[in-house]
Each structure stands twice: as C-alpha cells, then as structure tokens.
Amino acid sequence: MLKFHLAYIGFVLLGCFTVNAFGQPKTSRTYLLNAVADQQPNDTGSPKTTFTKINDAQFGTVFNVALADSIGQSKPIVKNWAGFSTLVLQLGKHDMGNLALKLNVKHAQTKNYATRIDIPVTVKPGRNEIRLTLADLENANGSAPDLSDIKHWYLATNQPVTLFLGDVWLEGAAGKPITVASDPARLNRIRAATMPKFDKPIMFNTPEADAICSALEVYPENNAWNLVIEDWPVHPNSKNIVNTIGGKKVLRYNPDMGFLIVPPDQKKVDVKIVGYPGESDPGPFPVPDNTPIEGWPIHYMRNPLLKKLSLDDVQRDNPKNGGDRHAIIVDPINRKLYEFFVMKKTDAGWTAAQSSIFDLASNKLRPDTWTSADAAGLPIFPSVVRYDELKRGIVEHALRVTFVKTRHAYVHPATHYASKWKDENLPRMGERFRLRKDFDTKGFSPEVQAILKGLQKYGMLCADNGIDWAISVAPDPRIPVLHEELRRVRGSDFEVVVSPPGYVPAK
C-alpha cells in the first residue's frame, strides 16, 4: 500500500488562539466531526458500539467511544474530498500501550474490499493528531480512489476498546478539483493539421503515416498521457524507489512497438483469444494481412540470423522466437485503437492471448483490475516514440517504461498489476517518472533531445515488467540507433512524481 503520512503530535495549549477539543489552534478546516458543534458520528457499525459526548480534563469536549467494531459516518457531511490536501483525525486514550485501528473509506468506485481505502491507524497513549495526505491515499488493491464522491468512512477494530474521538476535518481547498494542464500549443498544432485521405492500410514507417499521426488527437487534452507534469510534486519515497530499481543503471530503449493505420471501412475479421478471454474486448477486429508484429522490421533487419525472414514468417512466428508479440492497429478517423498480446497468424486465421479496444476520443479506462496488451492495463500506442515526433523536436506525451520488478499495486491511469512483490520501494503499475529539470539535454543529438525534453515535460509511466529503465520507440528504419546516447542518462537522473493535491483524473 502506498505510503501515507501519520504524525503523532504533542499539543500545547495556546491562550491567544481559539482552540479545539484537543487544545490545538484552529486553522482553515472543513469538519466531518466536531463535538462542540454537535457534529456526531451517524454510523456505529452495530448497537454494541456506543458513544457519549463528554468534557474530559485532558482531552476537552470529545466523544467517549466504546468501540466494539466500527464508528464513523455513512453519507458524510462532506462527500467531495477532492481538492483538499489533508484528512486529520484527533484520537486519544488514557491507558498504556498502542491501539491499532483501521480507517476504511468507501467511495463511488467501491464494489468490494479491494476497491476501498483500508489503511492502519496507530493511536498512542495521550493525544494523537493523525494527518493523512489525501493525494497519497489508494485503494486496498493499489488503484486510485474517487475522492469526489465519498459514501462512507469509519474507524474499525478487531476487539472491543475504549477511545476518545475528537474532531475530524479536511484541510486545503474547498473541495473543488484542480485542473492539470496540457500544452495548448500541442493541441493547436494537431487541430490545425489536415487529416490526409487514405483508403488502404498504412505502415507506421512511412511519410503517409507521419502526416496522419501529426493530425491525430490521441485522447482528450486532459488525459493522463497528455498532461504537463514538469511541476508536479515529487513522491515522498522517490529516492528509495529509484534506488531500488537501480540509480546507476542506464536508460535503455526497445525499438519494438510498430503499428498499422487502417481506413474506417477496413474489413473486420475474427481473432481467437486464447489467453485472457475474460479480460479481453470482443471482436471482430480490423486486422489486415500486413499487420506488423512487435519488432518488425528493424529487429529483423539488424539481426543477421533473422534478416531473411518475411513479414509473413514473423506473423506466423517462424522460426519460433516467442516474446510478447504485440500488435497495434490504429483507426484515426473513428479514433479507435486495437491492441493485441501474443498475436499470431495461422492457416485458420489470427489468434492472440489478449485483445483491447481503446476509444481515443474518451478518457475511459479499462475495467478496474483488467489487464490489456500491457500488464498495467494501459494502451501502448499513445506512449510510443515516433519518427514524426523526433523530427518535430519534442515527444509530446508520456512514454512507456518497463522495470524488472514492480509492485503488487497500481495507480491511475493503470488498472492492473502483475507482481507478487509488496515492497513499497518498488514502482506500482502506472507510476510516473520524470527526468529532473536540472538535467542538461545539451550535447545530445536532436533525436535524443526530443526524447529527453518529453521526459522532462510529460514523464513516463510504468507499463509492464521488462528491462529496467527501457522506453519504447517505433522500430522505424528512419530513426537512428540511440543506444549509446541514451546510456548517458542514469536512473538517478529521474524522480517519481505524484499528482498535485486536489487533482481529480479526467473522466
């Protein structure tokens, strides 16, 4: 589970301030519970949990709670927590020893235990002010919660205890989500371009594909792939995450993710899904005969043992090279994206382990906990470095990155994890990394500068398990070999970032 901030603070009573029940000066707050104002819990879990408002010599006006199971609020006074920075709970106890509780928060996305917030809270003897940074909260399965629509929150225990419940409040903005900007110049350029007319499939490594991609708006401007994140806050555990991956390891790239552009009337065919049918979108799909498989053509052109293979050989996995065998098909007119995992042509037709369809005109994600052709449940095409972007001088979107070991968790915009590891020093699927602002991009070729500038402005998202610090570049023969230059960039040149307080992902 993501790190959250708990603080145990000793209180000093200051006579020159108006003070709350626990003797703390009042700041700008929006209360969920306030004993003095008679804002009370409205949910006690069961009749065995009872509470009484009292005036305690040590704690002031508080609720004395005989906690048998849980206490909190169903239909809270404040439903929209988006825009606030911090949730503060005041708790206390007289007797010795620590008390372990759980804070549970249910929201609009909550369907079961895994899709609610469930975090430990430790109450020490005396007065406790527990502060939770809302931007750090995540669901039990590692996904991002919907803080704009809170349904229920409560403190729970596994055994009967007695505690003092003081004020509970939200700090920060007045519940209004903040906006996170994309680059208006990028959007204006795309919308000013004319989409070329075409009536046949277009391979990605052609001038025709460059012109089409330059006029294609890939997702709305407020989509996670298009956000400018150069000023986003650094994750509090950034240094440990980077070092666990390998701060001395170098930046790598895979010339792997080619794609095919198809016209809107492209004939659709069946693809037999043989691996993850329960987490795949149904066909038929606009899959032409010349659909490229991951690595085509550059991986085969540059390998003496493979350079004689035809596209048909590669599609049929002849010889059996295996691998992820991603296939990507883009319909720019209908703004639809089709992606496949372990794609293969047979005499009976196409097969794939998984199929995903993305609407490039929408911010809609995969269903929660579903994979995609990538382990994170993310699309691949929006993350790939293309030739037309390198010629333009900057990659204007977040990139895709892989790591050998990832965490058993995911964060927006990811919807799936693929790991048993729960170490908080490992990256989650969807974790966003940014090349540091102070990294000097001078002295690199124009192509590499375009990538590095994009990494500073848009960052990169953890999308799959694979080579550490490896981004995806189209296997386009027009793109020069980038290995030696990228190796001058180290893992320690990156930092993990989080969305700013109050940010609510676009829907």
# chains A, B, ... in the order shown; residues from 1 in each chain; ligands from 1
>>> closest_atom_pairs(of="segment 298-413 of chain A", to="segment 112-116 of chain A", cutoff="12 Å", atoms="only C-alpha atoms", output="Markdown table")
| residue | atom | partner | partner_atom | distance |
| --- | --- | --- | --- | --- |
| A:Asp368 | CA | A:Thr115 | CA | 8.8 |
| A:Thr369 | CA | A:Thr115 | CA | 9.5 |
| A:Ala409 | CA | A:Ala114 | CA | 10.9 |
| A:Tyr410 | CA | A:Thr115 | CA | 11.6 |
>>> write_last_selection(atoms="C-alpha atoms", output="JSON list (two decimals), in the first residue's frame")
[["chain", "number", "residue", "atom", "x", "y", "z"],
["A", 368, "ASP", "CA", -10.75, -1.96, -12.87],
["A", 369, "THR", "CA", -8.40, -4.95, -12.31],
["A", 409, "ALA", "CA", -0.34, -2.38, -6.84],
["A", 410, "TYR", "CA", -1.41, 0.09, -9.48]]
>>> closest_atom_pairs(of="segment 286-333 of chain A", to="segment 270-277 of chain A", cutoff="12 Å", atoms="only C-alpha atoms", output="CSV")
residue,atom,partner,partner_atom,distance
A:Pro286,CA,A:Asp270,CA,8.8
A:Val287,CA,A:Val271,CA,8.6
A:Pro288,CA,A:Asp270,CA,11.3
>>> write_last_selection(atoms="C-alpha atoms", output="compact mmCIF listing (two decimals), in the first residue's frame")
# COMPACT_ATOMS: atom_id res chain seq x y z
CA PRO A 286 -9.93 -4.54 -38.45
CA VAL A 287 -6.80 -6.68 -38.82
CA PRO A 288 -5.23 -6.51 -42.32
>>> select_by_dssp(residues="segment 362-460 of chain A", states="strand (DSSP E or B)", output="ChimeraX atom specification")
/A:385,399-403,410,429,432-435,460
>>> select_by_dssp(residues="segment 218-247 of chain A", states="alpha helix (DSSP H)", output="list in words")
Ser238, Lys239, Asn240, Ile241, Val242, Asn243, Thr244 and Ile245 of chain A
>>> write_last_selection(atoms="N, CA and C atoms", output="compact mmCIF listing (two decimals), in the first residue's frame")
# COMPACT_ATOMS: atom_id res chain seq x y z
N SER A 238 10.39 8.83 -3.46
CA SER A 238 11.01 8.79 -4.79
C SER A 238 12.43 8.22 -4.76
N LYS A 239 13.25 8.71 -3.86
CA LYS A 239 14.66 8.30 -3.83
C LYS A 239 14.79 6.80 -3.62
N ASN A 240 14.01 6.26 -2.69
CA ASN A 240 14.09 4.82 -2.42
C ASN A 240 13.62 4.00 -3.61
N ILE A 241 12.55 4.45 -4.28
CA ILE A 241 12.04 3.72 -5.45
C ILE A 241 13.09 3.70 -6.56
N VAL A 242 13.67 4.86 -6.83
CA VAL A 242 14.69 4.94 -7.88
C VAL A 242 15.89 4.06 -7.54
N ASN A 243 16.33 4.11 -6.30
CA ASN A 243 17.50 3.31 -5.91
C ASN A 243 17.21 1.81 -5.94
N THR A 244 15.97 1.43 -5.61
CA THR A 244 15.62 0.01 -5.66
C THR A 244 15.65 -0.50 -7.09
N ILE A 245 15.15 0.30 -8.01
CA ILE A 245 15.23 -0.08 -9.44
C ILE A 245 16.67 -0.11 -9.89
>>> closest_residue(among="A:Pro125, A:Tyr31, A:Phe358, A:Ser46", to="Lys79 of chain A", atoms="only C-alpha atoms")
A:Tyr31
>>> residues_around(residues="Lys111 of chain A", least_positions_apart="5", cutoff="12 Å", atoms="only C-alpha atoms", output="list in words")
Val105, Lys106, Arg116, Ile117, Asn139, Ala140, Asn141, Pro145, Lys151, Asp368 and Thr369 of chain A
>>> residues_around(residues="segment 473-484 of chain A", least_positions_apart="3", cutoff="7 Å", atoms="only C-alpha atoms", output="list in words")
Asn205, Arg252, Tyr253, Asn254, Pro255, Asp256, Met257, Gly258, Gly295, Trp296, Pro297, Ile298, Val384, Val385, Arg386, Tyr387 and Arg487 of chain A
>>> residues_around(residues="Gly393 of chain A", least_positions_apart="4", cutoff="7 Å", atoms="only C-alpha atoms", output="short mmCIF file (atom, residue, chain, number, x, y, z; two decimals) with C-alpha atoms, in the first residue's frame")
data_model
loop_
_atom_site.label_atom_id
_atom_site.label_comp_id
_atom_site.auth_asym_id
_atom_site.auth_seq_id
_atom_site.Cartn_x
_atom_site.Cartn_y
_atom_site.Cartn_z
CA GLU A 389 7.82 13.48 -33.15
CA PRO A 446 18.29 16.34 -31.91
CA ALA A 450 13.38 15.34 -28.35
#
>>> residues_around(residues="Lys405 of chain A", least_positions_apart="3", cutoff="12 Å", atoms="only C-alpha atoms", output="number ranges by chain")
A: 241-242, 244-246, 402, 408-409, 417-429, 462-469
>>> write_last_selection(atoms="C-alpha atoms", output="CSV table (one decimal), in the first residue's frame")
chain,number,residue,atom,x,y,z
A,241,ILE,CA,12.0,3.7,-5.4
A,242,VAL,CA,14.7,4.9,-7.9
A,244,THR,CA,15.6,0.0,-5.7
A,245,ILE,CA,15.2,-0.1,-9.4
A,246,GLY,CA,18.8,1.0,-9.9
A,402,THR,CA,9.4,-1.1,-18.0
A,408,HIS,CA,1.6,-5.6,-6.3
A,409,ALA,CA,-0.3,-2.4,-6.8
A,417,TYR,CA,-0.7,-5.2,-11.6
A,418,ALA,CA,1.4,-8.2,-12.4
A,419,SER,CA,3.6,-8.8,-9.4
A,420,LYS,CA,3.6,-10.6,-6.1
A,421,TRP,CA,6.0,-8.1,-4.5
A,422,LYS,CA,4.5,-5.7,-2.0
A,423,ASP,CA,7.7,-3.7,-1.2
A,424,GLU,CA,6.8,0.0,-1.1
A,425,ASN,CA,10.2,0.7,-2.6
A,426,LEU,CA,9.1,-0.8,-5.9
A,427,PRO,CA,7.2,1.1,-8.6
A,428,ARG,CA,3.5,0.5,-9.0
A,429,MET,CA,2.0,-0.1,-12.4
A,462,CYS,CA,5.4,2.2,-15.6
A,463,ALA,CA,3.5,-0.1,-18.1
A,464,ASP,CA,5.0,-3.6,-17.9
A,465,ASN,CA,7.6,-5.9,-16.5
A,466,GLY,CA,10.7,-5.9,-18.6
A,467,ILE,CA,14.2,-4.4,-18.9
A,468,ASP,CA,14.9,-1.7,-16.3
A,469,TRP,CA,14.6,1.9,-17.5
>>> residues_around(residues="Asn64 of chain A", least_positions_apart="5", cutoff="12 Å", atoms="only C-alpha atoms", output="PyMOL selection string")
chain A and resi 35+40-41+49-56+59+71+91-94+161-166
